Amino acid sequence: MKKTLKRLLILVLVFVLTTPANISLASNDSESDVLRVGMEVNYAPFNYSQVNDANGAVAVVNSKNEYANGYDVQTAKMIAEKLGKKLEIYKIEWDGLPPALTSGKIDAIIAGMSPTAERKKEIDFTKNYYTSDLVIVLRKDSKFKDAKSLKDFKGAKITGQLNTFHYTVIDQIDGVNKMTAMESFPSMISATKAGNIDGYVSEKPGAMAAVASNNDLTYIEFEKGKGFKTSSEDTSIAVGLRKNSDLTEKINKILSDFSQEDQDKIMKQVITSQKQKDLGFIGQMKSIWQEYSSLFLAGIRNTMFIAVFSTIVGFIIGLLVAVIRKIEVNKDKNIFGYFLQKIINLILTIYVEVFRGTPMMVQAMLIFYGSKQYLGIDMSTMVAALFIVSINTGAYLSEVVRGGINSVDQGQFEACKALGMTHSQTMFNVVLPQTIKAILPAIANEFVINIKDTSVLNVISVTELFFISKSIAGSTYQIFQTYLITAIIYFILTFVITRIISLLERKLDTKEFIFESSTGGQHARNN
């Protein structure tokens, strides 16, 4: 038992010492020779994912072997070149873009973001670099396919993307059945194709890309005066910058020379390059795997690494927390130790309750962005992922271990005490070997949960399997096909792992713990 724990601790220590700490304060925008730009890399044609640098794509810094392309990328390249800076693209979830900017993790947001009044309270925007009309995407066989104005959508189930003005303009349709906002365009496309909604609001370029990849979709473009009433800031997109950034004026000067003709030319090129062949459902799945298999494999590797590492470290944390909380100090013999133990127990109880009582997604946002914004600690996404999942797992497993310890017969504790064994000797030599065997199924279950729960880390842009899948779905707009591949991969991973653990459990079942009486009381030994 001691040897196993020592080996696990050595592995953790080696990882910590060899992983770059990457602790720094955000530098002044103009002092850096790099322009760090954040975008989703899953919102075609503005920004999408590919596996090589074809057609002027740029490597994604925080996702190995992934490249970003699209209208936003080409605009970012132009801006970086004229600023005399090297462009770095960071793949970040939509809701994570503003906190990534304000915390200093990126210098700019170039992600098809509209400069709405609400967003201007938090960040600054440059001049517009594209303007587009709003349309409604729906199925070709929809009963609303012949609509000419907003009035024709009375009774239609319409939605828009979460945290965008697209969702607010739906209120302009009289009698509309406004559905709950959805997180992404791939989600809305899936819901439309499945018939859960009649359609969704989109900018025209996004609708064109969706239709180009899905032959069963179309979109309604309205004549002037018959469509949505919007302001120019709503239908335009601009570069998002930190408040009072010295880049604002410089980028505005560059965008002043970015003509409408140049904008239309770039948008036409990226939409044309995104057009998909009609291969049929199975053919499309094969095509997705053939093109993006390297990204899927990278996602699998990262997912398994996070799950394995975090389960091991979480188990060690849970073990230590449970053992420490089990310590009892005699108040009469050591009053200082008694109160110290109470304080430590209180701290550990708070840790367990907080991390078991709050969602890991919320913990990830607070720890990753909060540590940078308020403490100046700039963790890489992988280090943050390992830290977050480990301490979360530790909180859950501490209760599992505590339950396992409590299941050991109290007579064994008394026997060890009668033999003169210390608390640590009792735990490591007698109690924990029995506990670990008893809780092994729970640990295995936590491991399987961690494989799936790494998906929530996409909120801090960890390139695990689910985040990679979102990029592919948002780039190809072949949503069901992409997520079916992802579901198959998750099933294979969890199925194989559970079978391996079952074999381990059967092997341990061949060893029995025998408890015998002796003149000194009860003791335990391994056969």
# chains A, B, ... in the order shown; residues from 1 in each chain; ligands from 1
$ residues_around --residues "segment 344-354 of chain A" --least-positions-apart "5" --cutoff "7 Å" --atoms "only C-alpha atoms" --output "list in words"
Val321, Arg325 and Ala395 of chain A
$ write_last_selection --atoms "N, CA, C and O atoms" --output "compact mmCIF listing (two decimals), in the first residue's frame"
# COMPACT_ATOMS: atom_id res chain seq x y z
N VAL A 321 -7.72 13.25 2.60
CA VAL A 321 -8.78 14.00 3.29
C VAL A 321 -9.55 13.10 4.24
O VAL A 321 -9.82 13.45 5.40
N ARG A 325 -9.53 13.46 8.32
CA ARG A 325 -10.79 13.73 9.01
C ARG A 325 -11.14 12.64 10.04
O ARG A 325 -11.97 12.86 10.91
N ALA A 395 -12.90 15.64 -3.96
CA ALA A 395 -14.01 15.93 -3.05
C ALA A 395 -15.02 14.78 -3.02
O ALA A 395 -15.49 14.39 -1.95
$ residues_around --residues "Thr131 of chain A" --least-positions-apart "5" --cutoff "8 Å" --atoms "only C-alpha atoms" --output "list in words"
Ser232, Thr235, Ser236 and Ile237 of chain A
$ select_by_dssp --residues "segment 376-414 of chain A" --states "helix (DSSP H, G or I)" --output "MDAnalysis selection string"
chainID A and resid 381:406 410:414
$ residues_around --residues "segment 464-466 of chain A" --least-positions-apart "3" --cutoff "6 Å" --atoms "only C-alpha atoms" --output "PDB file with C-alpha atoms, in the first residue's frame"
ATOM      1  CA  GLY A 299      -9.367  14.671 -28.502  1.00  0.00           C
ATOM      2  CA  ILE A 300      -9.389  11.043 -27.350  1.00  0.00           C
ATOM      3  CA  ASN A 302      -6.461  14.481 -24.156  1.00  0.00           C
ATOM      4  CA  THR A 303      -9.708  13.116 -22.712  1.00  0.00           C
ATOM      5  CA  SER A 455     -16.764  17.472 -21.900  1.00  0.00           C
ATOM      6  CA  SER A 469     -16.465  17.465 -31.987  1.00  0.00           C
TER       7      SER A 469
END
$ select_by_dssp --residues "segment 206-375 of chain A" --states "strand (DSSP E or B)" --output "list in words"
Leu217, Thr218, Tyr219, Ile220, Ser236, Ile237, Ala238, Val239, Gly240 and Leu241 of chain A
$ write_last_selection --atoms "N, CA, C and O atoms" --output "PDB file, in the first residue's frame"
ATOM      1  N   LEU A 217     -32.093  21.933 -46.102  1.00  0.00           N
ATOM      2  CA  LEU A 217     -32.350  23.233 -45.487  1.00  0.00           C
ATOM      3  C   LEU A 217     -32.415  24.336 -46.534  1.00  0.00           C
ATOM      4  O   LEU A 217     -31.859  24.207 -47.622  1.00  0.00           O
ATOM      5  N   THR A 218     -33.103  25.410 -46.205  1.00  0.00           N
ATOM      6  CA  THR A 218     -33.136  26.612 -47.022  1.00  0.00           C
ATOM      7  C   THR A 218     -33.237  27.808 -46.079  1.00  0.00           C
ATOM      8  O   THR A 218     -33.257  27.634 -44.859  1.00  0.00           O
ATOM      9  N   TYR A 219     -33.296  29.014 -46.623  1.00  0.00           N
ATOM     10  CA  TYR A 219     -33.461  30.188 -45.761  1.00  0.00           C
ATOM     11  C   TYR A 219     -34.325  31.229 -46.458  1.00  0.00           C
ATOM     12  O   TYR A 219     -34.391  31.279 -47.690  1.00  0.00           O
ATOM     13  N   ILE A 220     -35.007  31.999 -45.638  1.00  0.00           N
ATOM     14  CA  ILE A 220     -35.900  33.045 -46.146  1.00  0.00           C
ATOM     15  C   ILE A 220     -35.208  34.395 -46.020  1.00  0.00           C
ATOM     16  O   ILE A 220     -34.839  34.830 -44.921  1.00  0.00           O
ATOM     17  N   SER A 236     -23.900  44.266 -37.889  1.00  0.00           N
ATOM     18  CA  SER A 236     -22.489  44.373 -38.236  1.00  0.00           C
ATOM     19  C   SER A 236     -21.661  43.578 -37.237  1.00  0.00           C
ATOM     20  O   SER A 236     -22.117  43.252 -36.140  1.00  0.00           O
ATOM     21  N   ILE A 237     -20.442  43.271 -37.624  1.00  0.00           N
ATOM     22  CA  ILE A 237     -19.513  42.605 -36.704  1.00  0.00           C
ATOM     23  C   ILE A 237     -18.239  43.435 -36.620  1.00  0.00           C
ATOM     24  O   ILE A 237     -17.822  44.076 -37.587  1.00  0.00           O
ATOM     25  N   ALA A 238     -17.649  43.428 -35.434  1.00  0.00           N
ATOM     26  CA  ALA A 238     -16.469  44.250 -35.186  1.00  0.00           C
ATOM     27  C   ALA A 238     -15.474  43.495 -34.317  1.00  0.00           C
ATOM     28  O   ALA A 238     -15.796  42.444 -33.751  1.00  0.00           O
ATOM     29  N   VAL A 239     -14.290  44.045 -34.199  1.00  0.00           N
ATOM     30  CA  VAL A 239     -13.244  43.445 -33.374  1.00  0.00           C
ATOM     31  C   VAL A 239     -13.447  43.878 -31.926  1.00  0.00           C
ATOM     32  O   VAL A 239     -13.568  45.073 -31.631  1.00  0.00           O
ATOM     33  N   GLY A 240     -13.505  42.922 -31.017  1.00  0.00           N
ATOM     34  CA  GLY A 240     -13.643  43.217 -29.594  1.00  0.00           C
ATOM     35  C   GLY A 240     -12.290  43.377 -28.934  1.00  0.00           C
ATOM     36  O   GLY A 240     -11.387  42.550 -29.144  1.00  0.00           O
ATOM     37  N   LEU A 241     -12.142  44.438 -28.133  1.00  0.00           N
ATOM     38  CA  LEU A 241     -10.875  44.728 -27.455  1.00  0.00           C
ATOM     39  C   LEU A 241     -11.131  45.090 -26.000  1.00  0.00           C
ATOM     40  O   LEU A 241     -12.247  45.454 -25.623  1.00  0.00           O
TER      41      LEU A 241
END
$ residues_around --residues "Ile271 of chain A" --least-positions-apart "3" --cutoff "12 Å" --atoms "only C-alpha atoms" --output "ChimeraX atom specification"
/A:43-48,69-71,204-213,264-268,274-276,475-476
$ decode --residues "segment 63-76 of chain A" --atoms "all heavy atoms" --output "compact mmCIF listing (two decimals), in the first residue's frame"
# COMPACT_ATOMS: atom_id res chain seq x y z
N SER A 63 -4.73 23.97 -29.72
CA SER A 63 -5.24 22.69 -30.23
C SER A 63 -4.28 22.18 -31.29
O SER A 63 -4.32 22.61 -32.44
CB SER A 63 -6.65 22.85 -30.80
OG SER A 63 -7.15 21.61 -31.25
N LYS A 64 -3.42 21.25 -30.87
CA LYS A 64 -2.38 20.74 -31.76
C LYS A 64 -2.98 20.09 -33.01
O LYS A 64 -3.98 19.39 -32.94
CB LYS A 64 -1.53 19.71 -31.00
CG LYS A 64 -0.26 19.30 -31.72
CD LYS A 64 0.56 18.36 -30.87
CE LYS A 64 1.83 17.94 -31.59
NZ LYS A 64 2.64 17.00 -30.77
N ASN A 65 -2.34 20.36 -34.15
CA ASN A 65 -2.73 19.79 -35.45
C ASN A 65 -4.07 20.31 -35.96
O ASN A 65 -4.64 19.73 -36.89
CB ASN A 65 -2.76 18.26 -35.40
CG ASN A 65 -1.41 17.67 -35.05
OD1 ASN A 65 -0.38 18.19 -35.45
ND2 ASN A 65 -1.41 16.58 -34.27
N GLU A 66 -4.61 21.37 -35.36
CA GLU A 66 -5.85 21.97 -35.84
C GLU A 66 -5.57 23.35 -36.41
O GLU A 66 -4.75 24.11 -35.87
CB GLU A 66 -6.88 22.07 -34.71
CG GLU A 66 -8.24 22.58 -35.18
CD GLU A 66 -9.30 22.53 -34.09
OE1 GLU A 66 -8.95 22.21 -32.93
OE2 GLU A 66 -10.47 22.82 -34.38
N TYR A 67 -6.24 23.66 -37.50
CA TYR A 67 -6.06 24.96 -38.16
C TYR A 67 -7.40 25.67 -38.27
O TYR A 67 -8.45 25.03 -38.40
CB TYR A 67 -5.46 24.78 -39.56
CG TYR A 67 -4.04 24.25 -39.55
CD1 TYR A 67 -3.79 22.90 -39.35
CD2 TYR A 67 -2.95 25.11 -39.72
CE1 TYR A 67 -2.49 22.40 -39.33
CE2 TYR A 67 -1.65 24.62 -39.70
CZ TYR A 67 -1.43 23.27 -39.51
OH TYR A 67 -0.14 22.79 -39.48
N ALA A 68 -7.35 26.99 -38.21
CA ALA A 68 -8.57 27.81 -38.31
C ALA A 68 -8.57 28.55 -39.63
O ALA A 68 -7.53 29.04 -40.10
CB ALA A 68 -8.63 28.81 -37.16
N ASN A 69 -9.76 28.63 -40.22
CA ASN A 69 -9.92 29.38 -41.45
C ASN A 69 -11.28 30.05 -41.44
O ASN A 69 -12.09 29.80 -40.55
CB ASN A 69 -9.76 28.48 -42.67
CG ASN A 69 -9.24 29.24 -43.89
OD1 ASN A 69 -9.31 30.47 -43.94
ND2 ASN A 69 -8.73 28.51 -44.86
N GLY A 70 -11.53 30.89 -42.43
CA GLY A 70 -12.80 31.58 -42.52
C GLY A 70 -12.62 33.08 -42.65
O GLY A 70 -11.49 33.61 -42.65
N TYR A 71 -13.72 33.78 -42.72
CA TYR A 71 -13.68 35.23 -42.91
C TYR A 71 -12.98 35.92 -41.75
O TYR A 71 -12.17 36.84 -41.97
CB TYR A 71 -15.12 35.76 -43.05
CG TYR A 71 -15.18 37.24 -43.35
CD1 TYR A 71 -15.01 37.70 -44.64
CD2 TYR A 71 -15.41 38.16 -42.33
CE1 TYR A 71 -15.05 39.07 -44.92
CE2 TYR A 71 -15.46 39.52 -42.59
CZ TYR A 71 -15.27 39.97 -43.89
OH TYR A 71 -15.31 41.32 -44.15
N ASP A 72 -13.26 35.50 -40.52
CA ASP A 72 -12.62 36.11 -39.36
C ASP A 72 -11.10 35.90 -39.39
O ASP A 72 -10.33 36.80 -39.02
CB ASP A 72 -13.18 35.52 -38.06
CG ASP A 72 -14.62 35.93 -37.81
OD1 ASP A 72 -14.99 37.05 -38.21
OD2 ASP A 72 -15.37 35.14 -37.23
N VAL A 73 -10.69 34.70 -39.78
CA VAL A 73 -9.26 34.38 -39.80
C VAL A 73 -8.54 35.24 -40.84
O VAL A 73 -7.46 35.79 -40.57
CB VAL A 73 -9.04 32.88 -40.10
CG1 VAL A 73 -7.56 32.56 -40.21
CG2 VAL A 73 -9.68 32.03 -39.01
N GLN A 74 -9.14 35.36 -42.01
CA GLN A 74 -8.50 36.16 -43.06
C GLN A 74 -8.44 37.64 -42.66
O GLN A 74 -7.47 38.34 -42.96
CB GLN A 74 -9.26 35.99 -44.38
CG GLN A 74 -9.27 34.55 -44.91
CD GLN A 74 -7.87 33.96 -45.03
OE1 GLN A 74 -6.94 34.62 -45.50
NE2 GLN A 74 -7.72 32.72 -44.60
N THR A 75 -9.48 38.10 -41.97
CA THR A 75 -9.47 39.48 -41.47
C THR A 75 -8.39 39.65 -40.41
O THR A 75 -7.66 40.65 -40.40
CB THR A 75 -10.84 39.85 -40.89
OG1 THR A 75 -11.85 39.69 -41.88
CG2 THR A 75 -10.86 41.29 -40.39
N ALA A 76 -8.28 38.68 -39.51
CA ALA A 76 -7.26 38.73 -38.45
C ALA A 76 -5.86 38.73 -39.04
O ALA A 76 -4.96 39.42 -38.54
CB ALA A 76 -7.45 37.56 -37.50
